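Here is structure-v2.cif, consisting of mmCIF, C-alpha atoms:
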```cif
data_run
loop_
_atom_site.label_atom_id
_atom_site.label_comp_id
_atom_site.auth_asym_id
_atom_site.auth_seq_id
_atom_site.Cartn_x
_atom_site.Cartn_y
_atom_site.Cartn_z
CA MET N 345 -2.35 -11.42 -2.76
CA ARG N 346 0.15 -8.82 -3.75
CA GLN N 347 0.80 -5.50 -2.06
CA ALA N 348 2.25 -2.33 -3.50
CA TYR N 349 5.96 -1.75 -3.24
CA THR N 350 7.89 1.53 -3.18
CA PRO N 351 11.44 2.39 -4.19
CA ALA N 352 12.22 2.40 -0.49
CA CYS N 353 12.32 -1.39 -0.56
CA LEU N 354 15.29 -1.28 -2.91
CA ILE N 355 17.47 0.25 -0.20
CA PHE N 356 17.26 -2.96 1.77
CA TYR N 357 17.79 -5.10 -1.28
CA PHE N 358 21.10 -3.38 -2.02
CA VAL N 359 22.22 -3.08 1.59
CA GLU N 360 21.40 -6.63 2.63
CA THR N 361 23.17 -8.16 -0.39
CA LEU N 362 26.55 -6.63 0.49
CA PRO N 363 29.19 -8.99 1.92
CA SER N 364 28.84 -9.38 5.68
CA LYS N 365 32.47 -8.46 6.27
CA SER N 366 31.76 -4.90 5.21
CA TRP N 367 29.65 -4.47 8.38
CA SER N 368 32.40 -5.29 10.87
CA GLY N 369 34.67 -3.02 12.86
CA ARG N 370 32.29 -0.07 13.29
CA THR N 371 30.89 1.31 16.48
CA THR N 372 27.35 2.17 15.33
CA ALA N 373 24.95 1.14 12.56
CA THR N 374 25.12 4.61 11.07
CA LYS N 375 28.92 4.60 10.89
CA ARG N 376 28.95 1.12 9.41
CA MET N 377 26.55 2.20 6.70
CA PHE N 378 27.96 5.51 5.58
CA ARG N 379 31.69 4.73 6.00
CA ASN N 380 31.35 1.83 3.64
CA LYS N 381 31.96 3.13 0.14
CA ARG N 382 29.79 0.57 -1.55
CA ILE N 383 26.79 1.39 0.63
CA ALA N 384 27.32 5.11 0.20
CA SER N 385 27.34 4.65 -3.54
CA VAL N 386 23.99 2.88 -3.34
CA PHE N 387 22.39 5.80 -1.56
CA LEU N 388 23.87 8.24 -4.04
CA PHE N 389 22.47 6.10 -6.83
CA LEU N 390 19.01 6.06 -5.23
CA ALA N 391 19.14 9.81 -4.71
CA SER N 392 20.00 10.31 -8.36
CA LEU N 393 17.05 8.14 -9.36
CA LEU N 394 14.71 10.31 -7.32
CA ALA N 395 16.18 13.43 -8.86
CA VAL N 396 15.68 12.12 -12.38
CA ALA N 397 12.20 10.86 -11.61
CA ASP N 398 11.03 14.18 -10.23
CA PRO N 399 13.32 17.22 -10.29
CA LEU N 400 10.71 19.03 -8.23
CA PHE N 401 12.12 17.41 -5.07
CA ALA N 402 15.78 17.34 -6.04
CA GLN N 403 16.64 20.96 -5.36
CA ALA N 404 18.77 21.45 -2.28
CA PRO N 405 17.97 24.32 0.08
CA LYS N 406 20.07 27.42 -0.16
CA THR N 407 20.97 29.94 2.46
CA ALA N 408 19.48 33.38 1.95
CA PRO N 409 22.04 36.15 1.51
CA SER N 410 20.56 37.99 4.45
CA ALA N 411 18.00 37.38 7.17
CA VAL N 412 14.42 38.14 6.18
CA ALA N 413 11.71 39.20 8.59
CA THR N 414 9.02 36.63 7.79
CA SER N 415 6.38 38.51 9.75
CA SER N 416 6.35 41.28 7.13
CA MET N 417 7.21 39.13 4.09
CA THR N 418 4.61 38.96 1.34
CA VAL N 419 3.53 35.69 -0.20
CA ASP N 420 4.92 36.82 -3.56
CA LYS N 421 8.31 37.40 -1.93
CA ALA N 422 8.13 33.97 -0.28
CA ILE N 423 7.38 32.37 -3.64
CA ALA N 424 10.37 34.11 -5.17
CA LEU N 425 12.62 32.95 -2.32
CA GLY N 426 11.30 29.40 -2.51
CA GLU N 427 11.87 29.22 -6.27
CA GLN N 428 15.45 30.38 -5.68
CA GLY N 429 15.97 27.58 -3.14
CA HIS N 430 15.76 29.71 0.02
CA CYS N 431 13.22 27.31 1.48
CA LYS N 432 13.86 27.71 5.18
CA GLU N 433 13.13 31.43 5.00
CA ALA N 434 10.06 31.05 2.77
CA LEU N 435 8.30 28.07 4.33
CA SER N 436 6.26 29.71 7.10
CA VAL N 437 4.93 32.38 4.74
CA LEU N 438 4.03 29.75 2.14
CA LYS N 439 2.03 27.98 4.82
CA ARG N 440 0.23 31.21 5.57
CA GLY N 441 -0.47 31.78 1.90
CA MET N 442 -1.81 28.26 1.51
CA SER N 443 -4.18 28.82 4.42
CA ASN N 444 -5.46 32.31 3.80
CA ASP N 445 -4.28 34.45 0.94
CA ALA N 446 -4.54 32.74 -2.43
CA THR N 447 -7.20 30.90 -4.39
CA GLY N 448 -7.32 28.62 -7.39
CA GLU N 449 -4.16 28.18 -9.45
CA ALA N 450 -2.22 30.57 -7.21
CA LYS N 451 -2.98 28.45 -4.15
CA LYS N 452 -2.01 25.29 -6.01
CA LYS N 453 1.32 26.87 -6.97
CA ILE N 454 1.95 27.87 -3.35
CA GLY N 455 1.07 24.39 -2.10
CA ILE N 456 3.33 22.60 -4.57
CA LEU N 457 6.19 24.97 -3.85
CA GLY N 458 5.65 24.57 -0.11
CA LEU N 459 5.73 20.81 -0.46
CA ARG N 460 8.94 20.97 -2.47
CA CYS N 461 10.54 23.26 0.09
CA SER N 462 9.46 21.04 2.98
CA LEU N 463 11.15 18.08 1.36
CA ALA N 464 14.22 20.11 0.44
CA ILE N 465 14.89 20.91 4.11
CA ASP N 466 13.57 17.51 5.29
CA ASN N 467 10.71 19.00 7.28
CA ARG N 468 8.43 15.97 7.12
CA ASP N 469 5.69 17.36 9.34
CA SER N 470 5.40 20.37 7.09
CA ALA N 471 5.43 18.15 4.01
CA MET N 472 2.48 16.18 5.36
CA ASP N 473 0.62 19.43 6.10
CA PHE N 474 1.02 20.54 2.49
CA ILE N 475 0.03 17.08 1.20
CA ARG N 476 -3.16 17.17 3.26
CA ALA N 477 -3.99 20.71 2.15
CA LEU N 478 -3.36 19.99 -1.53
CA SER N 479 -5.28 16.72 -1.43
CA LYS N 480 -8.25 18.36 0.27
CA GLN N 481 -8.45 21.40 -2.00
CA PHE N 482 -7.40 19.77 -5.29
CA PRO N 483 -8.47 16.12 -4.90
CA LYS N 484 -8.75 15.40 -8.64
CA ASP N 485 -6.14 17.76 -10.07
CA PRO N 486 -3.64 15.69 -12.11
CA ASP N 487 -0.70 18.01 -11.36
CA VAL N 488 -1.37 17.77 -7.63
CA LEU N 489 -1.85 14.00 -7.74
CA PHE N 490 1.44 13.64 -9.64
CA VAL N 491 3.31 15.72 -7.08
CA VAL N 492 1.73 13.94 -4.12
CA VAL N 493 2.65 10.52 -5.54
CA HIS N 494 6.31 11.53 -5.76
CA ALA N 495 6.20 13.17 -2.34
CA TYR N 496 4.93 9.98 -0.71
CA SER N 497 7.59 8.00 -2.55
CA ASP N 498 10.25 10.43 -1.34
CA LEU N 499 9.02 10.22 2.26
CA SER N 500 8.87 6.43 2.03
CA THR N 501 12.45 6.28 0.81
CA ARG N 502 13.68 8.59 3.57
CA THR N 503 11.89 6.52 6.21
CA ALA N 504 13.45 3.36 4.79
CA GLN N 505 16.84 5.05 5.05
CA ASP N 506 16.09 5.81 8.70
CA LEU N 507 15.24 2.16 9.31
CA ALA N 508 18.37 0.99 7.49
CA ALA N 509 20.56 3.37 9.47
CA ASN N 510 19.08 2.78 12.90
CA ALA N 511 18.01 -0.86 12.93
CA PRO N 512 19.49 -2.72 9.93
CA GLN N 513 19.22 -6.12 11.61
CA SER N 514 15.71 -5.68 13.00
CA MET N 515 12.78 -7.85 11.96
CA ALA N 516 11.16 -4.84 10.30
CA ALA N 517 14.26 -4.25 8.17
CA HIS N 518 14.39 -7.88 7.12
CA LYS N 519 10.69 -7.83 6.22
CA LEU N 520 11.24 -4.83 4.00
CA ASN N 521 14.24 -6.51 2.43
CA ALA N 522 12.15 -9.60 1.69
CA GLU N 523 9.47 -7.46 0.07
CA ALA N 524 12.16 -5.86 -2.08
CA LEU N 525 13.31 -9.30 -3.15
CA GLU N 526 9.74 -10.18 -4.09
CA MET N 527 9.50 -6.99 -6.13
CA GLN N 528 12.69 -8.00 -7.93
CA GLY N 529 11.19 -11.40 -8.70
CA LYS N 530 13.86 -13.09 -6.59
CA TRP N 531 11.43 -15.61 -5.14
CA ASP N 532 13.95 -18.08 -3.72
CA GLU N 533 15.83 -15.31 -1.89
CA ALA N 534 12.59 -13.81 -0.55
CA GLN N 535 11.44 -17.21 0.66
CA HIS N 536 14.80 -17.77 2.35
CA GLU N 537 14.55 -14.38 4.08
CA TYR N 538 11.07 -15.14 5.43
CA GLU N 539 12.19 -18.60 6.56
CA ASN N 540 15.11 -17.03 8.44
CA LEU N 541 12.70 -14.67 10.19
CA ILE N 542 10.52 -17.60 11.21
CA GLN N 543 13.56 -19.51 12.45
CA LYS N 544 14.64 -16.57 14.60
CA GLU N 545 11.18 -15.74 15.93
CA PRO N 546 8.84 -18.66 15.21
CA ASN N 547 5.97 -17.27 17.29
CA SER N 548 6.07 -13.73 15.95
CA PRO N 549 2.91 -12.62 14.12
CA GLY N 550 3.42 -11.80 10.46
CA PRO N 551 6.24 -13.87 8.91
CA HIS N 552 4.17 -17.03 8.37
CA PHE N 553 1.55 -15.00 6.48
CA LEU N 554 4.22 -13.21 4.44
CA LEU N 555 5.88 -16.50 3.53
CA GLY N 556 2.55 -17.97 2.48
CA ARG N 557 1.83 -14.92 0.35
CA ALA N 558 5.24 -15.13 -1.32
CA LEU N 559 4.76 -18.82 -2.11
CA LEU N 560 1.40 -18.17 -3.77
CA SER N 561 2.74 -15.15 -5.65
CA ARG N 562 5.45 -17.10 -7.42
CA PRO N 563 4.80 -17.49 -11.14
CA ASP N 564 5.92 -21.12 -10.87
CA ALA N 565 3.70 -21.93 -7.89
CA ASP N 566 2.55 -25.55 -8.03
CA ALA N 567 0.32 -27.75 -5.89
CA LYS N 568 3.18 -28.48 -3.49
CA MET N 569 3.85 -24.77 -2.93
CA THR N 570 0.13 -24.14 -2.51
CA ASP N 571 -0.05 -26.80 0.19
CA ARG N 572 2.98 -25.28 1.91
CA ALA N 573 1.39 -21.82 1.72
CA LYS N 574 -1.80 -23.17 3.25
CA GLN N 575 0.20 -24.57 6.16
CA GLU N 576 1.86 -21.18 6.70
CA PHE N 577 -1.51 -19.39 6.79
CA GLN N 578 -2.81 -21.93 9.29
CA LYS N 579 0.28 -21.40 11.47
CA GLU N 580 -0.28 -17.65 11.25
CA ILE N 581 -3.82 -18.05 12.54
CA GLU N 582 -2.57 -20.22 15.42
CA ILE N 583 -0.25 -17.37 16.40
CA ASP N 584 -2.63 -14.54 15.54
CA PRO N 585 -6.27 -15.71 15.43
CA LYS N 586 -7.36 -12.18 14.49
CA ASN N 587 -5.47 -12.14 11.19
CA ALA N 588 -8.41 -11.57 8.83
CA ALA N 589 -6.20 -11.67 5.72
CA ALA N 590 -4.98 -15.20 6.56
CA HIS N 591 -8.56 -16.40 7.03
CA TYR N 592 -9.53 -14.81 3.72
CA VAL N 593 -6.73 -16.46 1.75
CA LEU N 594 -7.59 -19.84 3.24
CA GLY N 595 -11.18 -19.19 2.15
CA GLU N 596 -10.01 -18.44 -1.39
CA LEU N 597 -7.94 -21.62 -1.49
CA ALA N 598 -10.94 -23.62 -0.25
CA ARG N 599 -13.17 -21.97 -2.88
CA ARG N 600 -10.77 -22.99 -5.65
CA GLU N 601 -10.91 -26.57 -4.37
CA GLU N 602 -14.74 -26.33 -4.12
CA ASN N 603 -14.51 -27.11 -0.43
CA TRP N 604 -17.53 -24.94 0.31
CA ASP N 605 -17.93 -25.66 4.03
CA GLU N 606 -14.31 -24.62 4.64
CA ALA N 607 -14.69 -21.60 2.36
CA ILE N 608 -17.77 -20.42 4.24
CA ALA N 609 -16.04 -20.86 7.60
CA GLN N 610 -12.91 -18.96 6.55
CA PHE N 611 -14.67 -16.14 4.68
CA SER N 612 -17.11 -15.60 7.55
CA ALA N 613 -14.25 -15.52 10.06
CA ALA N 614 -12.43 -12.89 7.99
CA ALA N 615 -15.57 -10.76 7.66
CA LYS N 616 -16.34 -10.93 11.38
CA LEU N 617 -12.79 -9.87 12.20
CA ASP N 618 -12.81 -6.93 9.76
CA SER N 619 -16.15 -5.25 9.19
CA ASN N 620 -14.81 -3.38 6.14
CA PHE N 621 -13.46 -6.47 4.36
CA ALA N 622 -15.73 -6.35 1.30
CA GLU N 623 -14.03 -9.27 -0.48
CA ALA N 624 -14.58 -11.50 2.54
CA TYR N 625 -18.30 -10.68 2.63
CA LEU N 626 -18.56 -11.35 -1.11
CA GLY N 627 -16.72 -14.67 -0.81
CA TRP N 628 -18.94 -15.66 2.11
CA GLY N 629 -22.14 -14.80 0.24
CA PHE N 630 -20.96 -16.37 -3.03
CA ALA N 631 -20.14 -19.63 -1.27
CA LEU N 632 -23.55 -19.70 0.40
CA VAL N 633 -25.28 -19.11 -2.95
CA THR N 634 -23.24 -21.92 -4.49
CA VAL N 635 -24.51 -24.40 -1.89
CA LYS N 636 -28.06 -23.01 -2.30
CA ARG N 637 -28.26 -21.44 1.16
CA TYR N 638 -29.85 -18.39 -0.43
CA GLN N 639 -31.49 -16.81 2.61
CA GLU N 640 -28.24 -16.94 4.56
CA ALA N 641 -26.34 -15.41 1.65
CA ILE N 642 -28.34 -12.19 1.52
CA PRO N 643 -26.98 -10.42 4.67
CA PRO N 644 -23.25 -10.74 3.78
CA LEU N 645 -23.97 -9.84 0.16
CA ARG N 646 -25.88 -6.74 1.28
CA ILE N 647 -22.84 -5.66 3.28
CA ALA N 648 -20.55 -6.35 0.32
CA GLU N 649 -22.87 -4.26 -1.85
CA ARG N 650 -22.72 -1.36 0.60
CA LEU N 651 -18.93 -1.53 0.77
CA THR N 652 -18.36 -1.97 -2.99
CA PRO N 653 -21.44 -0.76 -4.90
CA GLY N 654 -19.50 -0.75 -8.17
CA ASN N 655 -18.69 -4.47 -8.11
CA PRO N 656 -20.91 -6.26 -10.68
CA THR N 657 -20.25 -9.70 -9.16
CA VAL N 658 -21.85 -8.57 -5.89
CA HIS N 659 -25.04 -7.50 -7.68
CA TYR N 660 -25.26 -10.71 -9.69
CA SER N 661 -24.74 -12.93 -6.63
CA LEU N 662 -27.27 -10.93 -4.62
CA GLY N 663 -29.77 -11.00 -7.48
CA THR N 664 -29.37 -14.77 -7.71
CA ALA N 665 -30.05 -15.20 -3.98
CA LEU N 666 -33.08 -12.89 -4.11
CA ILE N 667 -34.72 -14.53 -7.09
CA ARG N 668 -34.28 -17.95 -5.53
CA ILE N 669 -36.28 -16.92 -2.46
CA GLY N 670 -39.00 -15.33 -4.59
CA GLN N 671 -38.09 -11.63 -4.34
CA LYS N 672 -38.23 -11.10 -8.10
CA GLU N 673 -38.60 -7.31 -8.05
CA GLU N 674 -35.57 -6.81 -5.82
CA ALA N 675 -33.65 -9.36 -7.83
CA GLU N 676 -34.36 -7.53 -11.08
CA LYS N 677 -32.93 -4.33 -9.60
CA GLU N 678 -29.71 -6.15 -8.81
CA PHE N 679 -29.50 -7.72 -12.28
CA ALA N 680 -30.09 -4.30 -13.82
CA LEU N 681 -27.20 -2.89 -11.78
CA HIS N 682 -25.08 -5.83 -12.88
CA ARG N 683 -25.89 -5.15 -16.53
CA SER N 684 -25.12 -1.45 -16.17
CA LEU N 685 -21.68 -2.22 -14.71
CA THR N 686 -20.61 -4.70 -17.37
CA THR N 687 -19.80 -3.78 -20.95
CA THR N 688 -21.07 -5.65 -23.99
CA GLU N 689 -17.55 -6.77 -24.85
CA ASN N 690 -16.71 -7.94 -21.35
CA THR N 691 -19.97 -9.38 -20.11
CA PRO N 692 -19.39 -12.62 -18.20
CA ALA N 693 -21.20 -15.80 -19.09
CA THR N 694 -23.23 -15.46 -15.88
CA ASN N 695 -24.90 -12.31 -17.21
CA GLU N 696 -28.12 -14.21 -17.84
CA LYS N 697 -30.50 -14.42 -14.91
CA PRO N 698 -30.81 -17.78 -13.19
CA GLN N 699 -33.85 -19.73 -14.30
#
```
Give the structure from the file, written as structure tokens.
Amino acid sequence: MRQAYTPACLIFYFVETLPSKSWSGRTTATKRMFRNKRIASVFLFLASLLAVADPLFAQAPKTAPSAVATSSMTVDKAIALGEQGHCKEALSVLKRGMSNDATGEAKKKIGILGLRCSLAIDNRDSAMDFIRALSKQFPKDPDVLFVVVHAYSDLSTRTAQDLAANAPQSMAAHKLNAEALEMQGKWDEAQHEYENLIQKEPNSPGPHFLLGRALLSRPDADAKMTDRAKQEFQKEIEIDPKNAAAHYVLGELARREENWDEAIAQFSAAAKLDSNFAEAYLGWGFALVTVKRYQEAIPPLRIAERLTPGNPTVHYSLGTALIRIGQKEEAEKEFALHRSLTTTENTPATNEKPQ
């Protein structure tokens, strides 16, 4: 039900909560934003947070004391220039070194430095090139993963700044602001923001689903809010029948109420709309097993198993369906996989095979 948030969302939280009068009397969105001292202070604050969180990306580019002929520059010289902050001059040679010259730790050092330099001069295409190269060549290296996490966060924040500067009153900006409010736990404000979006564009795909998600995510969600959320998901499907996520959530709500026919209908709709939606296939198969339609349950559970082989619930549900139709050998394989994926301390009560 919840999605990940980035620090970029906070930009909209701070900007949108400023008094409306501070936005008047300017000719462009960019001038309104950066001429206002309170808004400028917010961006300075966010920049300082990024610098504290990861000094690797905080260094500003410097101008080299003299022009350097990059065609004859060595990689070692480019590394030295990059470490001194002369990123513009070093970047092309660092790219070359990442592609051809170095191996192992040396290549990792070049890639991380190249990524830092790309961000320092706001060359986002180059930054993505270094991210791809580092992720491909060092997919499990903790230093690389740490750097890439912060790089994505930095790029996300910059893109949010672009959105805030160029289209602060757009639907996309308001959606991001609402997500920021959710992240802050300001549920009433987030709900109000989504309701305003719906009021402005009632037939736009997205806001009804987002409102329903926010209602269910509230820690104080009660039966009334759940019913309201259900209505929002149904409205979303009326507007966008291909919204697999809305079908899935309605299936989950039906499952909780033990309305199995509705659960089967919604889960199957979600799975048919998104062939990689493992949770929808599992929900579909689980509901069919619950109503003892074992033969029908096997195909969706097989797909769920292929998509998420490490999910013990899939193996148990599939084993249950198989044993009920007499395929004991296949069922035992699934129960064995279930046992291997569950620890002794955390084994669910359903660990025993159905009789």
Could you tell me, as a PyMOL selection string, exactly which residues end up selected when the PyMOL selection byres ((chain N and resi 619-623) around 10) is applied to this structure? chain N and resi 588-589+592+611+614-618+624-629+644-645+647-652+658
As a PyMOL selection string, please: the residues near Leu489 (chain N) (cut-off 9 Å, only C-alpha atoms, same-chain neighbours under 6 positions excluded). chain N and resi 478-479+482-483
Neighbours of Met442 (chain N) within 10 Å (all atoms listed in the file; same-chain residues fewer than 6 positions away dropped), as a PyMOL selection string? chain N and resi 419+436+450-456+458+474+477-478
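In this model, the gap between CA of Leu541 (chain N) and CA of Pro563 (chain N) comes to 22.9 Å.
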Distance of CA of Ile583 (chain N) from CA of Asn547 (chain N), expressed in Å to one decimal place: 6.3 Å
Once the PyMOL selection byres ((chain N and resi 632-639) around 9) has been applied to the shown file, what residues remain in the selection, as a list in words? Trp604, Asp605, Ile608, Gly627, Trp628, Gly629, Phe630, Ala631, Glu640, Ala641, Ile642, Pro643, Ser661, Leu662, Thr664, Ala665, Leu666, Arg668 and Ile669 of chain N
Figure out the distance between CA of His682 (chain N) and CA of Glu602 (chain N), please, to one decimal in Å. 24.6 Å
Can you pull out the residues contacting region 552-557 of chain N? Cut-off 8 Å, using all atoms listed in the file, and skip same-chain residues under 3 positions away; I want them as a PyMOL selection string. chain N and resi 345-346+535+538-539+542+549+560-561+572-577+579-580+590
Generate a file of the selected residues that holds C-alpha atoms, formatted as a PDB file, in the frame of the given file.
```pdb
ATOM      1  CA  MET N 345      -2.350 -11.420  -2.760  1.00  0.00           C
ATOM      2  CA  ARG N 346       0.150  -8.820  -3.750  1.00  0.00           C
ATOM      3  CA  GLN N 535      11.440 -17.210   0.660  1.00  0.00           C
ATOM      4  CA  TYR N 538      11.070 -15.140   5.430  1.00  0.00           C
ATOM      5  CA  GLU N 539      12.190 -18.600   6.560  1.00  0.00           C
ATOM      6  CA  ILE N 542      10.520 -17.600  11.210  1.00  0.00           C
ATOM      7  CA  PRO N 549       2.910 -12.620  14.120  1.00  0.00           C
ATOM      8  CA  LEU N 560       1.400 -18.170  -3.770  1.00  0.00           C
ATOM      9  CA  SER N 561       2.740 -15.150  -5.650  1.00  0.00           C
ATOM     10  CA  ARG N 572       2.980 -25.280   1.910  1.00  0.00           C
ATOM     11  CA  ALA N 573       1.390 -21.820   1.720  1.00  0.00           C
ATOM     12  CA  LYS N 574      -1.800 -23.170   3.250  1.00  0.00           C
ATOM     13  CA  GLN N 575       0.200 -24.570   6.160  1.00  0.00           C
ATOM     14  CA  GLU N 576       1.860 -21.180   6.700  1.00  0.00           C
ATOM     15  CA  PHE N 577      -1.510 -19.390   6.790  1.00  0.00           C
ATOM     16  CA  LYS N 579       0.280 -21.400  11.470  1.00  0.00           C
ATOM     17  CA  GLU N 580      -0.280 -17.650  11.250  1.00  0.00           C
ATOM     18  CA  ALA N 590      -4.980 -15.200   6.560  1.00  0.00           C
TER      19      ALA N 590
END
```
For region 538-550 of chain N, supply N, CA and C atoms and report the output as a compact mmCIF listing (two decimals), keeping the file's coordinate frame.
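Once written, result09.txt looks like this:
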```
# COMPACT_ATOMS: atom_id res chain seq x y z
N TYR N 538 12.21 -14.91 4.55
CA TYR N 538 11.07 -15.14 5.43
C TYR N 538 11.31 -16.36 6.32
N GLU N 539 11.91 -17.41 5.77
CA GLU N 539 12.19 -18.60 6.56
C GLU N 539 13.20 -18.30 7.67
N ASN N 540 14.16 -17.44 7.40
CA ASN N 540 15.11 -17.03 8.44
C ASN N 540 14.40 -16.26 9.55
N LEU N 541 13.45 -15.40 9.18
CA LEU N 541 12.70 -14.67 10.19
C LEU N 541 11.92 -15.63 11.08
N ILE N 542 11.30 -16.61 10.45
CA ILE N 542 10.52 -17.60 11.21
C ILE N 542 11.43 -18.41 12.13
N GLN N 543 12.61 -18.75 11.64
CA GLN N 543 13.56 -19.51 12.45
C GLN N 543 14.00 -18.71 13.68
N LYS N 544 14.20 -17.41 13.49
CA LYS N 544 14.64 -16.57 14.60
C LYS N 544 13.52 -16.31 15.59
N GLU N 545 12.31 -16.05 15.07
CA GLU N 545 11.18 -15.74 15.93
C GLU N 545 9.96 -16.51 15.45
N PRO N 546 9.90 -17.81 15.76
CA PRO N 546 8.84 -18.66 15.21
C PRO N 546 7.43 -18.30 15.65
N ASN N 547 7.30 -17.61 16.78
CA ASN N 547 5.97 -17.27 17.29
C ASN N 547 5.61 -15.80 17.09
N SER N 548 6.36 -15.14 16.23
CA SER N 548 6.07 -13.73 15.95
C SER N 548 4.97 -13.63 14.90
N PRO N 549 3.97 -12.77 15.12
CA PRO N 549 2.91 -12.62 14.12
C PRO N 549 3.44 -11.93 12.86
N GLY N 550 3.06 -12.44 11.72
CA GLY N 550 3.42 -11.80 10.46
C GLY N 550 4.22 -12.65 9.50
```
